[in-house]
Amino acid sequence: MVNTIEHTESQVWQLLSTVNDPEVPVLSIVDLGIVRNVSVHNAESITVTITPTYSGCPAMDVISMQIRLVLLEYGFKEVKVEKVLSPAWTTDWMSESGKEKLKAYGIAPPLPKQTVCKPDEFQEEEAIQCPHCLSYHTRLISRFGSTACKALYQCQDCKEPFDYFKCH
Amino acid sequence: MIIMQEQTMPAEKENAQKAKIDALLHLADDSLIMGHRCSEWCGHGPILEQDIALTNIALDFVGQARNFYQHAAALLQQLPNDMALALADFDITPASITEDSLAYLRNANAYKNHLLVELPNGDWAQTILKIFFFSNYRQILFQQLLKNSDTQLAAIAEKSLKEIQYHVKWSGEWVMRLGDGTDESRERMLKAIDYLWPYVGEFFNCTEYEKTAFELDDTSIDLLKQTWLNTINHTFQLATLPEQTFGKWYQSGGKLGIHTEHLGYILAEMQFLPRTYPNAEW
């Protein structure tokens, strides 16, 4: 016999993977790793727990609304979207397919290791690969890019500027 | 004995709860005013990338302010209404206690931010140095808060620390670039230190509510103070700027609601719309 709640939950995960981050539209919220939990209470009621990438991320309100719309359309009557902060979101939660999608879109995916901000590494820069020509010969232009989650780099070989999704 | 315990426990609990709400409002106000000041640079940065950097930092601060206000509002909603209204010290009675009413319907003397954060931006050196001092203070304080018995406060600190690392690094790099830069940039850095140093003492002049809510005693406050000073001096040394020590005298009062005239102007600008058009949406 099929466990209906489990069955529904896996369908909800499928649905959520169609909800995109409005600021990085090639990534779904599941790729990003911001959906922490799906809990189906019964046929009508569900709670989805999400975590923000950044405290001030303006996309969170839009994302909450989209989750609600998708689930109401699916047939839930009572949709609760809860925000949790701990454990704090990290780029390690971004799926491998998400990182590939980012790269294909022209945004360098986050490096797995956080090396920023030890006082003695002040002048050190991480080697970020250019998503266009794949050169590692790149330079940091600004630690803060077009959105809170990105930094701005330029490739020294193909000369293209590009966004880097900061590791966190 | 048992009866005495029953009588004293609620009062103690109540005091702890009051201290926690004061402390949350203090953290929220610091973040909001800092965010507002940083946002004033929007469209005025020396180059586009730095303009964007400052607005990113402003966004982080406002996001952190929202988390603190939301937590404070949730705790206030659990209290009897009279007590909650008195604690938040609203200027006009809000329809409900929310992050927005806490930000928009309290007067300057209810705000509990440090005096440092409300000072006008001044030039680029002053702005950089203010962010540098404040972010380094926040970094060591929030590391302490990770262990706090209030798990939501610890979670906000954990989240914020990731963003603060970038603020610390970015502002530190600018302190070095300006201190060890041209004669002009160095001169401006030295002036910025003279201007802001009298305000940093307030960080470590902890109020009773901070001590209670942040679970600090005199020893741990002293440790924070020393750690902060060492960090600042480490960067100043790299920047060829003079080593600093704490003086006996410093400006204070912000954490208890006694502010400079500058805060009123910020609030007038920030609060005008929600006070004039309650529940406005866009």
# chains A, B, ... in the order shown; residues from 1 in each chain; ligands from 1

$ closest_atom_pairs --of "chain A" --to "chain B" --cutoff "6 Å" --atoms "only C-alpha atoms" --output "CSV"
residue,atom,partner,partner_atom,distance
A:Ser55,CA,B:Gly63,CA,4.5
A:Gly56,CA,B:Gly63,CA,3.5
A:Leu85,CA,B:Ala155,CA,5.6
A:Ser86,CA,B:Ala155,CA,4.9
A:Ala88,CA,B:Lys159,CA,5.2
A:Cys117,CA,B:Lys169,CA,5.6
A:Ser142,CA,B:Glu49,CA,5.9
A:Phe144,CA,B:Ala53,CA,4.8
A:Ala148,CA,B:Asn56,CA,5.6

$ write_last_selection --atoms "all heavy atoms" --output "mmCIF file, in the first residue's frame"
data_model
loop_
_atom_site.group_PDB
_atom_site.id
_atom_site.type_symbol
_atom_site.label_atom_id
_atom_site.label_comp_id
_atom_site.auth_asym_id
_atom_site.auth_seq_id
_atom_site.Cartn_x
_atom_site.Cartn_y
_atom_site.Cartn_z
ATOM 1 N N SER A 55 20.401 37.542 5.150
ATOM 2 C CA SER A 55 19.385 38.148 6.024
ATOM 3 C C SER A 55 18.510 39.120 5.250
ATOM 4 O O SER A 55 17.306 39.175 5.451
ATOM 5 C CB SER A 55 20.044 38.917 7.171
ATOM 6 O OG SER A 55 20.800 38.061 7.971
ATOM 7 N N GLY A 56 19.143 39.910 4.380
ATOM 8 C CA GLY A 56 18.380 40.962 3.708
ATOM 9 C C GLY A 56 17.925 40.571 2.321
ATOM 10 O O GLY A 56 17.585 41.443 1.531
ATOM 11 N N LEU A 85 16.412 30.169 10.621
ATOM 12 C CA LEU A 85 17.728 30.766 10.381
ATOM 13 C C LEU A 85 18.872 29.815 10.711
ATOM 14 O O LEU A 85 19.979 29.961 10.216
ATOM 15 C CB LEU A 85 17.891 32.039 11.216
ATOM 16 C CG LEU A 85 16.988 33.206 10.846
ATOM 17 C CD1 LEU A 85 17.151 34.330 11.852
ATOM 18 C CD2 LEU A 85 17.298 33.708 9.459
ATOM 19 N N SER A 86 18.602 28.853 11.579
ATOM 20 C CA SER A 86 19.681 27.965 12.007
ATOM 21 C C SER A 86 19.332 26.522 11.670
ATOM 22 O O SER A 86 18.194 26.112 11.891
ATOM 23 C CB SER A 86 19.903 28.105 13.514
ATOM 24 O OG SER A 86 20.969 27.293 13.920
ATOM 25 N N ALA A 88 22.532 28.013 9.652
ATOM 26 C CA ALA A 88 22.557 29.048 8.623
ATOM 27 C C ALA A 88 22.879 28.446 7.263
ATOM 28 O O ALA A 88 23.691 27.536 7.155
ATOM 29 C CB ALA A 88 23.586 30.118 8.987
ATOM 30 N N CYS A 117 38.380 36.226 4.882
ATOM 31 C CA CYS A 117 38.306 36.870 6.182
ATOM 32 C C CYS A 117 39.086 36.281 7.338
ATOM 33 O O CYS A 117 38.678 36.414 8.481
ATOM 34 C CB CYS A 117 36.861 37.026 6.625
ATOM 35 S SG CYS A 117 36.670 38.588 7.433
ATOM 36 N N SER A 142 34.959 43.524 -7.477
ATOM 37 C CA SER A 142 34.284 43.989 -6.272
ATOM 38 C C SER A 142 33.749 42.795 -5.492
ATOM 39 O O SER A 142 33.224 41.850 -6.072
ATOM 40 C CB SER A 142 33.122 44.924 -6.628
ATOM 41 O OG SER A 142 32.422 45.258 -5.452
ATOM 42 N N PHE A 144 31.278 42.814 -3.749
ATOM 43 C CA PHE A 144 29.813 42.869 -3.726
ATOM 44 C C PHE A 144 29.310 43.083 -5.148
ATOM 45 O O PHE A 144 29.738 44.020 -5.818
ATOM 46 C CB PHE A 144 29.341 44.011 -2.830
ATOM 47 C CG PHE A 144 29.744 43.836 -1.400
ATOM 48 C CD1 PHE A 144 30.934 44.355 -0.937
ATOM 49 C CD2 PHE A 144 28.943 43.135 -0.518
ATOM 50 C CE1 PHE A 144 31.322 44.196 0.391
ATOM 51 C CE2 PHE A 144 29.310 42.967 0.808
ATOM 52 C CZ PHE A 144 30.503 43.498 1.263
ATOM 53 N N ALA A 148 23.153 40.504 -3.253
ATOM 54 C CA ALA A 148 23.923 40.268 -2.037
ATOM 55 C C ALA A 148 24.750 38.984 -2.118
ATOM 56 O O ALA A 148 25.786 38.853 -1.481
ATOM 57 C CB ALA A 148 22.983 40.208 -0.840
#

$ residues_around --residues "Gln14 (chain A)" --least-positions-apart "2" --cutoff "12 Å" --atoms "only C-alpha atoms" --output "ChimeraX atom specification"
/A:7-12,16-19,28-31,35,38,67,70-71,74

$ write_last_selection --atoms "N, CA, C and O atoms" --output "PDB file, in the first residue's frame"
ATOM      1  N   HIS A   7       4.054   9.901  -0.295  1.00  0.00           N
ATOM      2  CA  HIS A   7       3.881  10.061  -1.728  1.00  0.00           C
ATOM      3  C   HIS A   7       3.651  11.531  -2.084  1.00  0.00           C
ATOM      4  O   HIS A   7       4.277  12.085  -2.988  1.00  0.00           O
ATOM      5  N   THR A   8       2.768  12.193  -1.302  1.00  0.00           N
ATOM      6  CA  THR A   8       2.476  13.602  -1.544  1.00  0.00           C
ATOM      7  C   THR A   8       3.725  14.450  -1.337  1.00  0.00           C
ATOM      8  O   THR A   8       4.002  15.355  -2.110  1.00  0.00           O
ATOM      9  N   GLU A   9       4.480  14.125  -0.269  1.00  0.00           N
ATOM     10  CA  GLU A   9       5.677  14.932   0.010  1.00  0.00           C
ATOM     11  C   GLU A   9       6.658  14.888  -1.154  1.00  0.00           C
ATOM     12  O   GLU A   9       7.242  15.901  -1.519  1.00  0.00           O
ATOM     13  N   SER A  10       6.821  13.699  -1.748  1.00  0.00           N
ATOM     14  CA  SER A  10       7.776  13.645  -2.865  1.00  0.00           C
ATOM     15  C   SER A  10       7.232  14.421  -4.063  1.00  0.00           C
ATOM     16  O   SER A  10       7.984  15.027  -4.811  1.00  0.00           O
ATOM     17  N   GLN A  11       5.897  14.431  -4.197  1.00  0.00           N
ATOM     18  CA  GLN A  11       5.312  15.253  -5.274  1.00  0.00           C
ATOM     19  C   GLN A  11       5.503  16.738  -5.013  1.00  0.00           C
ATOM     20  O   GLN A  11       5.739  17.520  -5.930  1.00  0.00           O
ATOM     21  N   VAL A  12       5.409  17.125  -3.720  1.00  0.00           N
ATOM     22  CA  VAL A  12       5.603  18.535  -3.358  1.00  0.00           C
ATOM     23  C   VAL A  12       7.042  18.960  -3.676  1.00  0.00           C
ATOM     24  O   VAL A  12       7.271  20.040  -4.227  1.00  0.00           O
ATOM     25  N   LEU A  16       8.144  21.999  -5.945  1.00  0.00           N
ATOM     26  CA  LEU A  16       9.010  23.089  -5.477  1.00  0.00           C
ATOM     27  C   LEU A  16      10.215  23.259  -6.395  1.00  0.00           C
ATOM     28  O   LEU A  16      10.780  24.347  -6.492  1.00  0.00           O
ATOM     29  N   SER A  17      10.594  22.168  -7.070  1.00  0.00           N
ATOM     30  CA  SER A  17      11.746  22.298  -7.971  1.00  0.00           C
ATOM     31  C   SER A  17      11.368  23.041  -9.248  1.00  0.00           C
ATOM     32  O   SER A  17      12.204  23.281 -10.107  1.00  0.00           O
ATOM     33  N   THR A  18      10.093  23.453  -9.360  1.00  0.00           N
ATOM     34  CA  THR A  18       9.706  24.317 -10.481  1.00  0.00           C
ATOM     35  C   THR A  18       9.670  25.792 -10.070  1.00  0.00           C
ATOM     36  O   THR A  18       9.459  26.672 -10.901  1.00  0.00           O
ATOM     37  N   VAL A  19       9.865  26.054  -8.758  1.00  0.00           N
ATOM     38  CA  VAL A  19       9.870  27.441  -8.280  1.00  0.00           C
ATOM     39  C   VAL A  19      11.298  27.975  -8.387  1.00  0.00           C
ATOM     40  O   VAL A  19      12.219  27.412  -7.799  1.00  0.00           O
ATOM     41  N   SER A  28      16.383  26.593  -9.263  1.00  0.00           N
ATOM     42  CA  SER A  28      15.158  26.426  -8.477  1.00  0.00           C
ATOM     43  C   SER A  28      15.532  26.566  -7.008  1.00  0.00           C
ATOM     44  O   SER A  28      16.712  26.469  -6.635  1.00  0.00           O
ATOM     45  N   ILE A  29      14.520  26.766  -6.179  1.00  0.00           N
ATOM     46  CA  ILE A  29      14.792  26.914  -4.748  1.00  0.00           C
ATOM     47  C   ILE A  29      15.307  25.607  -4.158  1.00  0.00           C
ATOM     48  O   ILE A  29      15.980  25.605  -3.135  1.00  0.00           O
ATOM     49  N   VAL A  30      15.022  24.483  -4.830  1.00  0.00           N
ATOM     50  CA  VAL A  30      15.559  23.202  -4.369  1.00  0.00           C
ATOM     51  C   VAL A  30      17.047  23.091  -4.739  1.00  0.00           C
ATOM     52  O   VAL A  30      17.875  22.685  -3.925  1.00  0.00           O
ATOM     53  N   ASP A  31      17.392  23.532  -5.968  1.00  0.00           N
ATOM     54  CA  ASP A  31      18.810  23.582  -6.370  1.00  0.00           C
ATOM     55  C   ASP A  31      19.614  24.413  -5.387  1.00  0.00           C
ATOM     56  O   ASP A  31      20.742  24.093  -5.032  1.00  0.00           O
ATOM     57  N   VAL A  35      15.083  25.160   0.602  1.00  0.00           N
ATOM     58  CA  VAL A  35      13.941  24.436   1.175  1.00  0.00           C
ATOM     59  C   VAL A  35      14.502  23.442   2.187  1.00  0.00           C
ATOM     60  O   VAL A  35      15.241  22.531   1.822  1.00  0.00           O
ATOM     61  N   VAL A  38       9.696  19.731   4.166  1.00  0.00           N
ATOM     62  CA  VAL A  38       8.312  19.716   3.693  1.00  0.00           C
ATOM     63  C   VAL A  38       7.551  18.791   4.623  1.00  0.00           C
ATOM     64  O   VAL A  38       7.964  17.651   4.838  1.00  0.00           O
ATOM     65  N   ILE A  67       5.749  29.802  -3.480  1.00  0.00           N
ATOM     66  CA  ILE A  67       5.537  28.483  -2.876  1.00  0.00           C
ATOM     67  C   ILE A  67       4.048  28.329  -2.535  1.00  0.00           C
ATOM     68  O   ILE A  67       3.417  27.319  -2.837  1.00  0.00           O
ATOM     69  N   VAL A  70       1.892  27.866  -5.751  1.00  0.00           N
ATOM     70  CA  VAL A  70       2.056  26.547  -6.360  1.00  0.00           C
ATOM     71  C   VAL A  70       1.295  25.485  -5.557  1.00  0.00           C
ATOM     72  O   VAL A  70       0.634  24.608  -6.122  1.00  0.00           O
ATOM     73  N   LEU A  71       1.363  25.602  -4.234  1.00  0.00           N
ATOM     74  CA  LEU A  71       0.739  24.577  -3.393  1.00  0.00           C
ATOM     75  C   LEU A  71      -0.782  24.736  -3.313  1.00  0.00           C
ATOM     76  O   LEU A  71      -1.510  23.746  -3.209  1.00  0.00           O
ATOM     77  N   TYR A  74      -2.060  23.216  -6.317  1.00  0.00           N
ATOM     78  CA  TYR A  74      -1.997  21.753  -6.222  1.00  0.00           C
ATOM     79  C   TYR A  74      -3.209  21.204  -5.472  1.00  0.00           C
ATOM     80  O   TYR A  74      -3.599  20.054  -5.653  1.00  0.00           O
TER      81      TYR A  74
END

$ residues_around --residues "region 58-60 of chain A" --least-positions-apart "5" --cutoff "7 Å" --atoms "only C-alpha atoms" --output "list in words"
Pro22, Glu23 and Pro52 of chain A

$ closest_residue --among "A:Asn42, A:Lys166, A:Arg139, A:Trp89" --to "Tyr54 (chain A)" --atoms "only C-alpha atoms"
A:Trp89

$ residues_around --residues "Asp180 (chain B)" --least-positions-apart "3" --cutoff "8 Å" --atoms "only C-alpha atoms" --output "VMD selection string"
chain B and resid 176 to 177 186 239 to 241

$ residues_around --residues "Leu140 (chain A)" --least-positions-apart "5" --cutoff "12 Å" --atoms "only C-alpha atoms" --output "VMD selection string"
(chain A and resid 123 to 130 145 150 to 156 161 to 164 166) or (chain B and resid 49)

$ atom_distance --atom1 "CA of Gly33 (chain A)" --atom2 "CA of Pro110 (chain A)"
13.2 Å

$ closest_residue --among "A:Ala108, A:Val26, A:Cys167, A:Val48" --to "Arg68 (chain A)" --atoms "only C-alpha atoms"
A:Val48

$ select_by_dssp --residues "chain A" --states "strand (DSSP E or B)" --output "ChimeraX atom specification"
/A:20-21,24-28,35-40,45-50,78-83,107-108,138-142,150-155,161-165

$ residues_around --residues "Glu261 (chain B)" --least-positions-apart "4" --cutoff "10 Å" --atoms "only C-alpha atoms" --output "list in words"
Ala108, Glu118, Leu119, Tyr265 and Ile266 of chain B

$ write_last_selection --atoms "N, CA, C and O atoms" --output "compact mmCIF listing (two decimals), in the first residue's frame"
# COMPACT_ATOMS: atom_id res chain seq x y z
N ALA B 108 12.68 58.93 18.98
CA ALA B 108 14.14 58.88 19.13
C ALA B 108 14.55 58.39 20.52
O ALA B 108 15.47 57.58 20.65
N GLU B 118 24.62 56.54 14.49
CA GLU B 118 23.73 57.60 13.99
C GLU B 118 24.50 58.82 13.48
O GLU B 118 23.91 59.72 12.88
N LEU B 119 25.82 58.86 13.70
CA LEU B 119 26.60 60.01 13.24
C LEU B 119 26.49 60.12 11.72
O LEU B 119 26.42 59.12 11.02
N TYR B 265 16.63 63.42 12.84
CA TYR B 265 16.52 63.68 11.40
C TYR B 265 16.38 62.38 10.60
O TYR B 265 15.64 62.31 9.64
N ILE B 266 17.13 61.36 11.03
CA ILE B 266 17.02 60.05 10.34
C ILE B 266 15.61 59.53 10.48
O ILE B 266 14.97 59.10 9.51
